[in-house]
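Q: Sharing a structure with you now.
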Amino acid sequence: MRGYGLFLGLFVGFQAANAASLLSKPGDSAIIPSWDIQSTAKAGNNLQALSQVGVDTSSWHHISSSRCTLMGCLLHAGLYHEDDLFYSENLKKFDVSQFRVPWLYRNEFNIDLKQGKHYFLQTHGITSKGDIFINGKQVASSLTQAGAYGGHEYDVSKILEKRNALVVQVHPTDYNYDLAIGFVDWNPYPPDNGTGVWRNIEVKQTGPVSLGPLRVMTQTNLPTDDSSARVTLKSTARNLESHEVTVDVRGEVTLEGRPSHAWKQTVKLGALQSKEITISTTLKNPKIWWPKQWGSQPLYTGQLSASVNEELSDVVNDEFGIRQVTSKVNSHNDTIFYVNGLPFQVIGGGYSADMFLRWDSDKFIKQAQLTQDLGGNTIRLEGKNEQPELYKIADKMGLMILAGWECCDKWEAWSYNGDLSVKSEWSERDYGIADASMKHEALMHQNHPSMLGYLVGSDYWPNDRAAGLYTSAIKDSGWQIPIIASASKRGFPDILGPSGMKMDGPYDWTPPNYWYDVEPSEDRLGAAFGFGSELGSGVGTPEISSLKKFLTKEDLDDLWTKPNKGLYHMSTNVSSFYNRKIYNDALWARYGAPVSLDDYLLKAQMMDYEATRSQFESVSAFWSKDRPATGLIYWMLNNAWPSLHWNLFDFYLHPAGSYFGAKVGARLEHVVYDYLKKAVYLVNHSIDKTGPRTITVDVIDRNGKTLYTTRKTAETEPNTSRNVLDLSAPLKSITDVVFLRITLSDSKKSTISRNVYWLAKGLDVLDWEDSDWFFTPVTTYADYSALEKLQSAKVSVSTQASKSKEGATVTLENKSAVPAFFITLNLVDKTGGDVQPVFWSDNYVTLWPHEKLELDVKGDGAAAVQIRGKNVQSATVMF
């Protein structure tokens, strides 16, 4: 057996030595495809020895992934399991001590070395910092290779051999002292604090001349297609030889279905000289890139190649779109964005990366689909700049990205930031790391038409020195989008000016009328005016099917039997959001004390739905006000792990009340009820829809009796909102809970939007003077307790294949003389599990007496639909 083991080892070594080369020709770039990882506590830290070919790593963890944090790698290897870690409070028990020492990432690879060729190792960020060795020689130390976004290129031409061993030693991360990727109070910190090779490391081959990243600049008369566009391709050419070379540069721009544009230029480079290459062409009748709600997303490909002596030396390429993004700070000190010359009201949410920074393109596509399905046009990345694939997906889908640095840790350790419990102000080295980080991210983002802007600060603005570094890096990369000082109005560096964005909360529950109460604006904090960079009612309660995946029975019971208890799956235990007290105080007072978990969860969905609907509707309704609501980033879009709040769809991609409330509120064309003024607004988010619209208003009591009805026709105008109807008189005499239905239809009598509100006798009374940064107290709650007295309604449910041949149509019919209130529908597969993602045309709906409503739904693997409601018997209907 010993002889067999020796033979097997020799055979494996022979296979490795004869494995295919990662690179074959100049211009090639290859990702290090996998890793063996181990703690230095077990493997030691003799990097010179460990980076020799042939080191025995059989006892190491073998990871078939090119990028992962330590926790991501160990999950990938099956050492830990997500379901176990995320269940109840299991993560509390995790042994974090293993990550207090450096760890090693190791890979062996082959290179078919060729004379006259040059080879580079490219990094894109290693957390917190890394020492890099190849074949026993140091490539970089952690003094240089530092920061989660510190991308660098190292010349390894004199180090590489046919068979190579690469070792990266990663150092433990501390958010207070390292420029890393933290989660603030969003969720518990990952045990490894995100340490590791979280982005790809690549090897590149060139000839005597290398090209830096491609940068594309466009100029055109927008927004029309029947114009011309000037396209400029830029790159830095570097002569790697000790003698002069003549370089033939070829530029090419292509668009599928159209002839390509190619042109050439010849330049001379002195010994070891670098020179900016700039070549331009004019495109006639260019195809313009638009956000999805406004148009199509044509993507051009730009390419630059460099040849020496008629032999290809290097090539760089990337996709780009022809569009224009600008912004201005208006007379109210509020930022407003413009896309292709048109005012662009930002509607979206704050995105979170996975807790362990695991990237999944398929999951992000689904998250983007859900975002756009609910009417969102933008996501904000606060310090979670993710992987390059995110931006490519956003480009193809027409989803705008507002990226930037994060708050509340080393990134904002300025002398004037009094909010940090630990403040390690920046050293000379930190400025260098930040400079390298900004340069790398600017080049990575530059060509993407989905980029709306970059926030170089979040809660606080960067000091003058850092702002200068950031601005210089961004401008040098050729960016043509806005640079914003921060996400708040606390201050700004002179080089950038005011941010025009407010960060005044709320982050916890607020009633629907909060958003409409906009005067006096200096006291109205998060109400619907200006640009809200992160704000919301703190809602996002998952449905029971998701809750059971991460909560025990005792945890579930705590939700309604211990309403003030601190909960591990809320925010961190030192935050203001560790419990649901503010939320539950409102739920108990407004809807009555729950009598069961099911009762609690149904009332929670009602709370969540009215909270997000009112927030999204108010911003939409006040778009054309004298002081417009220019943008809304809901806090948050999604969660890094299974959470009980701050989301529009849960960790498992299941939409619930917060999602469908926002979906109603962000409809492309819509009618909105202003809780405060009792007015109706006609909303049009499109740039091309015009013509007469009919607004129909109906009011009934909880017994189905008609109290009021009216109809009005009004002209809709693109990209505007306006007050079209006053309901203060008919709603003045409310003595109990009533239902208000507002329907919008076009000239063909097709329903565009249908919206049902439940209204109490009085509004929630806010104590604005006692507002805190995260909520405004309510002194008197609206009384919806009469909903407990609703008579039972009988609703029939039928299903059929959709007319579009995608998905199905679910038809609801109320057979009763009373309203069928808050009907929720859930699509399940043959095992009874949630279909996800799922896309409903509407959900959490209320039916008028004898009303029939058709809902479209799409979701793979659907076998049945589950139905429940406040006064409707639960049922399951098979397809």
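Chain identifiers are assigned as A, B, and so on, following the order in which chains appear in the structure tokens; residues are numbered from 1 within each chain, and ligands are numbered from 1 in order of appearance.
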List the neighbours of stretch 540-557 of chain A out to 9 Å using only C-alpha atoms; skip same-chain residues closer than 5 positions along the sequence, and give me the result as a ChimeraX atom specification.

A: /A:83-84,86-89,562,567,569,596-598,601-602,604-605,608,636,642-652,654-659,833-834

Q: What does the file look like for those residues with N, CA and C atoms, as a CSV table (one decimal), in the first residue's frame?

A:
```csv
chain,number,residue,atom,x,y,z
A,83,ASP,N,-27.6,27.0,6.8
A,83,ASP,CA,-28.9,26.8,7.5
A,83,ASP,C,-28.6,26.7,9.0
A,84,ASP,N,-27.5,26.0,9.4
A,84,ASP,CA,-27.2,25.9,10.8
A,84,ASP,C,-26.7,27.2,11.4
A,86,PHE,N,-27.3,30.2,10.5
A,86,PHE,CA,-28.3,31.3,10.6
A,86,PHE,C,-29.5,30.9,11.4
A,87,TYR,N,-29.6,29.7,11.9
A,87,TYR,CA,-30.7,29.3,12.7
A,87,TYR,C,-30.7,29.8,14.1
A,88,SER,N,-31.7,30.5,14.5
A,88,SER,CA,-31.9,31.0,15.8
A,88,SER,C,-30.7,31.8,16.2
A,89,GLU,N,-30.0,31.5,17.3
A,89,GLU,CA,-28.8,32.2,17.8
A,89,GLU,C,-27.5,31.4,17.7
A,562,LYS,N,-43.7,38.3,23.7
A,562,LYS,CA,-42.7,39.1,24.3
A,562,LYS,C,-42.4,40.3,23.4
A,567,LEU,N,-34.1,40.8,20.0
A,567,LEU,CA,-34.1,39.7,19.0
A,567,LEU,C,-32.9,39.6,18.2
A,569,HIS,N,-32.2,38.3,15.4
A,569,HIS,CA,-32.3,38.5,14.0
A,569,HIS,C,-32.9,39.9,13.7
A,596,SER,N,-52.6,35.2,18.6
A,596,SER,CA,-51.9,34.0,18.2
A,596,SER,C,-50.7,34.5,17.3
A,597,LEU,N,-49.8,33.6,17.0
A,597,LEU,CA,-48.7,34.0,16.0
A,597,LEU,C,-49.3,34.3,14.7
A,598,ASP,N,-50.3,33.5,14.2
A,598,ASP,CA,-50.8,33.8,12.9
A,598,ASP,C,-51.5,35.2,12.9
A,601,LEU,N,-48.7,37.9,12.7
A,601,LEU,CA,-48.1,38.0,11.4
A,601,LEU,C,-49.0,38.6,10.4
A,602,LEU,N,-50.3,38.3,10.5
A,602,LEU,CA,-51.2,39.0,9.5
A,602,LEU,C,-51.3,40.5,9.8
A,604,ALA,N,-48.9,42.2,11.2
A,604,ALA,CA,-47.6,42.8,10.8
A,604,ALA,C,-47.6,43.0,9.3
A,605,GLN,N,-48.1,42.1,8.5
A,605,GLN,CA,-48.1,42.4,7.1
A,605,GLN,C,-49.0,43.6,6.7
A,608,ASP,N,-46.8,46.6,7.6
A,608,ASP,CA,-45.7,46.7,6.6
A,608,ASP,C,-46.2,47.3,5.3
A,636,MET,N,-34.2,48.9,4.1
A,636,MET,CA,-33.2,48.5,3.1
A,636,MET,C,-33.9,47.7,2.0
A,642,PRO,N,-30.9,36.2,7.2
A,642,PRO,CA,-32.4,36.2,7.5
A,642,PRO,C,-32.7,37.2,8.6
A,643,SER,N,-33.5,38.2,8.3
A,643,SER,CA,-33.7,39.3,9.2
A,643,SER,C,-35.2,39.5,9.4
A,644,LEU,N,-35.5,40.2,10.5
A,644,LEU,CA,-36.9,40.5,10.8
A,644,LEU,C,-37.4,41.8,10.4
A,645,HIS,N,-36.5,42.6,9.9
A,645,HIS,CA,-36.9,44.0,9.5
A,645,HIS,C,-35.9,44.5,8.4
A,646,TRP,N,-36.2,45.7,7.9
A,646,TRP,CA,-35.3,46.4,7.0
A,646,TRP,C,-35.2,45.6,5.6
A,647,ASN,N,-36.3,45.3,5.0
A,647,ASN,CA,-36.2,44.7,3.7
A,647,ASN,C,-37.5,44.9,2.9
A,648,LEU,N,-37.4,44.8,1.6
A,648,LEU,CA,-38.6,44.8,0.7
A,648,LEU,C,-38.8,43.4,0.2
A,649,PHE,N,-37.9,42.5,0.3
A,649,PHE,CA,-38.1,41.0,0.1
A,649,PHE,C,-37.0,40.4,1.0
A,650,ASP,N,-37.4,39.2,1.5
A,650,ASP,CA,-36.5,38.6,2.6
A,650,ASP,C,-35.3,37.9,2.0
A,651,PHE,N,-34.5,37.3,2.9
A,651,PHE,CA,-33.2,36.7,2.5
A,651,PHE,C,-33.4,35.6,1.5
A,652,TYR,N,-34.6,35.0,1.6
A,652,TYR,CA,-34.9,33.8,0.7
A,652,TYR,C,-35.6,34.3,-0.6
A,654,HIS,N,-38.3,36.0,-0.8
A,654,HIS,CA,-39.8,35.9,-0.8
A,654,HIS,C,-40.4,37.3,-0.5
A,655,PRO,N,-41.3,37.7,-1.3
A,655,PRO,CA,-41.9,39.1,-1.1
A,655,PRO,C,-43.1,38.9,-0.2
A,656,ALA,N,-43.3,40.0,0.7
A,656,ALA,CA,-44.4,40.0,1.6
A,656,ALA,C,-45.0,41.4,1.6
A,657,GLY,N,-45.6,41.8,2.8
A,657,GLY,CA,-46.3,43.0,2.8
A,657,GLY,C,-45.5,44.2,2.4
A,658,SER,N,-44.3,44.3,2.9
A,658,SER,CA,-43.5,45.5,2.6
A,658,SER,C,-43.2,45.6,1.1
A,659,TYR,N,-43.1,44.5,0.4
A,659,TYR,CA,-42.8,44.4,-1.0
A,659,TYR,C,-44.0,44.9,-1.8
A,833,GLY,N,-43.4,24.1,-0.6
A,833,GLY,CA,-42.4,25.1,-0.4
A,833,GLY,C,-42.7,26.3,-1.3
A,834,ASP,N,-42.3,27.5,-0.8
A,834,ASP,CA,-42.5,28.7,-1.6
A,834,ASP,C,-41.8,28.6,-2.9
```

Q: How would you write, as an mmCIF file with N, CA, C and O atoms, in the first residue's frame, the set of residues in stretch 370-468 of chain A that DSSP gives as strand (DSSP E)?

A:
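Here's the written file part_34.cif:
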```
data_model
loop_
_atom_site.group_PDB
_atom_site.id
_atom_site.type_symbol
_atom_site.label_atom_id
_atom_site.label_comp_id
_atom_site.auth_asym_id
_atom_site.auth_seq_id
_atom_site.Cartn_x
_atom_site.Cartn_y
_atom_site.Cartn_z
ATOM 1 N N THR A 378 -33.340 52.076 -9.034
ATOM 2 C CA THR A 378 -31.986 52.318 -8.545
ATOM 3 C C THR A 378 -31.726 51.484 -7.299
ATOM 4 O O THR A 378 -32.643 51.267 -6.492
ATOM 5 N N ILE A 379 -30.481 51.033 -7.122
ATOM 6 C CA ILE A 379 -30.063 50.493 -5.836
ATOM 7 C C ILE A 379 -28.834 51.260 -5.373
ATOM 8 O O ILE A 379 -28.018 51.690 -6.176
ATOM 9 N N ARG A 380 -28.758 51.451 -4.061
ATOM 10 C CA ARG A 380 -27.598 52.115 -3.475
ATOM 11 C C ARG A 380 -26.683 51.063 -2.852
ATOM 12 O O ARG A 380 -27.152 50.172 -2.121
ATOM 13 N N LEU A 381 -25.400 51.165 -3.139
ATOM 14 C CA LEU A 381 -24.404 50.284 -2.549
ATOM 15 C C LEU A 381 -23.611 51.114 -1.539
ATOM 16 O O LEU A 381 -22.752 51.901 -1.928
ATOM 17 N N MET A 400 -30.212 51.348 -12.327
ATOM 18 C CA MET A 400 -29.201 52.338 -11.969
ATOM 19 C C MET A 400 -28.532 51.981 -10.639
ATOM 20 O O MET A 400 -29.167 51.412 -9.743
ATOM 21 N N ILE A 401 -27.235 52.345 -10.543
ATOM 22 C CA ILE A 401 -26.439 52.020 -9.364
ATOM 23 C C ILE A 401 -25.881 53.309 -8.759
ATOM 24 O O ILE A 401 -25.236 54.098 -9.443
ATOM 25 N N LEU A 402 -26.133 53.501 -7.477
ATOM 26 C CA LEU A 402 -25.560 54.611 -6.724
ATOM 27 C C LEU A 402 -24.589 53.995 -5.718
ATOM 28 O O LEU A 402 -24.989 53.509 -4.662
ATOM 29 N N ALA A 403 -23.306 53.962 -6.084
ATOM 30 C CA ALA A 403 -22.296 53.284 -5.271
ATOM 31 C C ALA A 403 -21.601 54.269 -4.345
ATOM 32 O O ALA A 403 -21.824 55.484 -4.418
ATOM 33 N N GLY A 404 -20.738 53.741 -3.478
ATOM 34 C CA GLY A 404 -19.991 54.630 -2.594
ATOM 35 C C GLY A 404 -19.411 53.919 -1.397
ATOM 36 O O GLY A 404 -19.569 52.716 -1.225
ATOM 37 N N MET A 451 -24.232 53.274 -13.928
ATOM 38 C CA MET A 451 -23.745 54.083 -12.807
ATOM 39 C C MET A 451 -24.451 55.445 -12.778
ATOM 40 O O MET A 451 -24.396 56.197 -13.744
ATOM 41 N N LEU A 452 -25.076 55.737 -11.659
ATOM 42 C CA LEU A 452 -25.781 57.008 -11.484
ATOM 43 C C LEU A 452 -24.911 58.032 -10.760
ATOM 44 O O LEU A 452 -25.027 59.240 -10.997
ATOM 45 N N GLY A 453 -24.048 57.568 -9.877
ATOM 46 C CA GLY A 453 -23.188 58.474 -9.135
ATOM 47 C C GLY A 453 -22.360 57.699 -8.138
ATOM 48 O O GLY A 453 -22.550 56.495 -7.939
ATOM 49 N N TYR A 454 -21.419 58.402 -7.501
ATOM 50 C CA TYR A 454 -20.582 57.776 -6.474
ATOM 51 C C TYR A 454 -20.548 58.688 -5.258
ATOM 52 O O TYR A 454 -20.246 59.881 -5.357
ATOM 53 N N LEU A 455 -20.877 58.100 -4.094
ATOM 54 C CA LEU A 455 -20.869 58.831 -2.836
ATOM 55 C C LEU A 455 -19.538 58.560 -2.139
ATOM 56 O O LEU A 455 -19.300 57.443 -1.668
#
```

Q: Neighbours of stretch 431-440 of chain A within 6 Å (only C-alpha atoms; same-chain residues fewer than 3 positions away dropped), as a PyMOL selection string?

A: chain A and resi 149-151+428+443+469-470+473

Q: Only N, CA and C atoms, please: the residues just picked out, written as a PDB file, in the first residue's frame.

A:
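Final output, saved to selection12.pdb:
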```pdb
ATOM      1  N   TYR A 149     -10.554  47.174  -1.189  1.00  0.00           N
ATOM      2  CA  TYR A 149     -10.681  47.604  -2.571  1.00  0.00           C
ATOM      3  C   TYR A 149      -9.342  47.998  -3.191  1.00  0.00           C
ATOM      4  N   GLY A 150      -8.256  47.654  -2.509  1.00  0.00           N
ATOM      5  CA  GLY A 150      -6.938  48.004  -3.018  1.00  0.00           C
ATOM      6  C   GLY A 150      -6.491  47.061  -4.116  1.00  0.00           C
ATOM      7  N   GLY A 151      -6.758  47.418  -5.363  1.00  0.00           N
ATOM      8  CA  GLY A 151      -6.343  46.605  -6.499  1.00  0.00           C
ATOM      9  C   GLY A 151      -4.972  47.034  -6.997  1.00  0.00           C
ATOM     10  N   GLU A 428      -0.806  58.271   7.329  1.00  0.00           N
ATOM     11  CA  GLU A 428      -0.301  58.423   5.963  1.00  0.00           C
ATOM     12  C   GLU A 428      -0.600  57.175   5.149  1.00  0.00           C
ATOM     13  N   LEU A 443     -11.902  52.892 -11.976  1.00  0.00           N
ATOM     14  CA  LEU A 443     -11.638  52.228 -13.260  1.00  0.00           C
ATOM     15  C   LEU A 443     -12.590  51.064 -13.478  1.00  0.00           C
ATOM     16  N   LEU A 469      -8.039  63.348  -3.056  1.00  0.00           N
ATOM     17  CA  LEU A 469      -7.575  62.076  -3.620  1.00  0.00           C
ATOM     18  C   LEU A 469      -8.695  61.388  -4.387  1.00  0.00           C
ATOM     19  N   TYR A 470      -9.868  61.340  -3.777  1.00  0.00           N
ATOM     20  CA  TYR A 470     -11.007  60.673  -4.424  1.00  0.00           C
ATOM     21  C   TYR A 470     -11.363  61.360  -5.747  1.00  0.00           C
ATOM     22  N   ALA A 473      -8.788  60.758  -8.495  1.00  0.00           N
ATOM     23  CA  ALA A 473      -8.836  59.391  -9.017  1.00  0.00           C
ATOM     24  C   ALA A 473     -10.027  59.194  -9.945  1.00  0.00           C
TER      25      ALA A 473
END
```

Q: Counting only C-alpha atoms, what is within 9 Å of A:Ile867, bar same-chain residues fewer than 6 positions away, as a ChimeraX atom specification?

A: /A:797,823-826,873-877

Q: With N, CA and C atoms kept, could you save the residues just selected as a short mmCIF file (atom, residue, chain, number, x, y, z; two decimals), in the first residue's frame?

A:
```cif
data_model
loop_
_atom_site.label_atom_id
_atom_site.label_comp_id
_atom_site.auth_asym_id
_atom_site.auth_seq_id
_atom_site.Cartn_x
_atom_site.Cartn_y
_atom_site.Cartn_z
N VAL A 797 -61.68 30.99 -5.73
CA VAL A 797 -60.36 31.12 -6.36
C VAL A 797 -60.30 30.13 -7.51
N ILE A 823 -56.39 40.04 1.33
CA ILE A 823 -56.20 38.66 0.86
C ILE A 823 -54.76 38.49 0.39
N THR A 824 -54.08 37.51 0.96
CA THR A 824 -52.70 37.22 0.56
C THR A 824 -52.66 35.91 -0.19
N LEU A 825 -51.83 35.90 -1.23
CA LEU A 825 -51.70 34.72 -2.08
C LEU A 825 -50.24 34.29 -2.11
N ASN A 826 -50.02 32.99 -1.99
CA ASN A 826 -48.66 32.47 -1.98
C ASN A 826 -48.56 31.29 -2.93
N GLN A 873 -61.57 32.62 4.74
CA GLN A 873 -61.08 31.31 5.17
C GLN A 873 -59.87 30.89 4.34
N SER A 874 -58.85 30.36 5.00
CA SER A 874 -57.65 29.93 4.31
C SER A 874 -57.94 28.70 3.46
N ALA A 875 -57.24 28.63 2.31
CA ALA A 875 -57.46 27.50 1.40
C ALA A 875 -56.24 27.31 0.53
N THR A 876 -56.14 26.15 -0.09
CA THR A 876 -55.10 25.86 -1.07
C THR A 876 -55.78 25.37 -2.34
N VAL A 877 -55.44 25.98 -3.46
CA VAL A 877 -56.05 25.64 -4.75
C VAL A 877 -54.94 25.12 -5.66
#
```

Q: So, with only C-alpha atoms as the atoms that count, which of A:Glu610, A:Thr751, A:Ser798, A:Ala589 lies closest to A:Tyr781?

A: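 Of all the options, A:Ala589 lies closest to A:Tyr781.
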
Q: List the spatial neighbours of A:Val422 as a ChimeraX atom specification - criterion: any atom at most 9 Å away, only C-alpha atoms, same-chain residues fewer than 6 positions off excluded.

A: /A:176-177,409-410,413

Q: How would the residues just picked look written out with C-alpha atoms as a JSON list (two decimals), in the first residue's frame?

A:
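Result file follows (out21.json):
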```
[["chain", "number", "residue", "atom", "x", "y", "z"],
["A", 176, "ASN", "CA", -12.19, 50.10, 13.40],
["A", 177, "TYR", "CA", -8.65, 50.00, 12.05],
["A", 409, "ASP", "CA", -15.98, 52.64, 10.85],
["A", 410, "LYS", "CA", -12.45, 53.34, 9.61],
["A", 413, "ALA", "CA", -12.66, 58.11, 11.08]]
```

Q: For A:Val315, work out the shell of residues within 9 Å, counting only C-alpha atoms and skipping chain neighbours fewer than 3 positions away, then give it as a ChimeraX atom specification.

A: /A:26-28,206,210-211,303-307,312

Q: Counting only C-alpha atoms, what is within 7 Å of A:Ala140, bar same-chain residues fewer than 5 positions away, as a list in words?

A: Asp131, Ile132 and Gln145 of chain A

Q: Pick out the closest residue to A:Ser472 from this set: A:Leu496, A:Leu787, A:Ser721, A:Arg199. Count only C-alpha atoms.

A: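 Closest to A:Ser472 of all the choices is A:Leu496.
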
Q: Could you please write out, as a list in words, every residue of stretch 751-812 of chain A that DSSP assigns to helix (DSSP H, G or I)?

A: Trp768, Glu769, Asp770, Ser785, Ala786, Leu787, Glu788 and Lys789 of chain A

Q: Write the selection just made, keeping C-alpha atoms, as a PDB file, in the first residue's frame?

A:
```
ATOM      1  CA  TRP A 768     -42.476  66.164  15.666  1.00  0.00           C
ATOM      2  CA  GLU A 769     -40.752  68.232  18.343  1.00  0.00           C
ATOM      3  CA  ASP A 770     -39.620  65.066  20.124  1.00  0.00           C
ATOM      4  CA  SER A 785     -59.741  47.790  15.992  1.00  0.00           C
ATOM      5  CA  ALA A 786     -63.079  47.709  14.160  1.00  0.00           C
ATOM      6  CA  LEU A 787     -61.402  45.467  11.573  1.00  0.00           C
ATOM      7  CA  GLU A 788     -61.733  42.714  14.169  1.00  0.00           C
ATOM      8  CA  LYS A 789     -65.503  42.952  13.689  1.00  0.00           C
TER       9      LYS A 789
END
```

Q: Please determine, counting only C-alpha atoms, which residue among A:Glu202, A:Asp334, A:Asp248, A:Asp829 has the shortest atom-to-atom distance to A:Asp314.

A: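 Looking only at the distances to A:Asp314, the closest residue turns out to be A:Asp248.
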
Q: With only C-alpha atoms as the atoms that count, which of A:Ala679, A:Ala528, A:Val170, A:Met606 lies nearest to A:Ser620?

A: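 Ranking A:Ala679, A:Ala528, A:Val170, A:Met606 by distance to A:Ser620, first place goes to A:Ala528.
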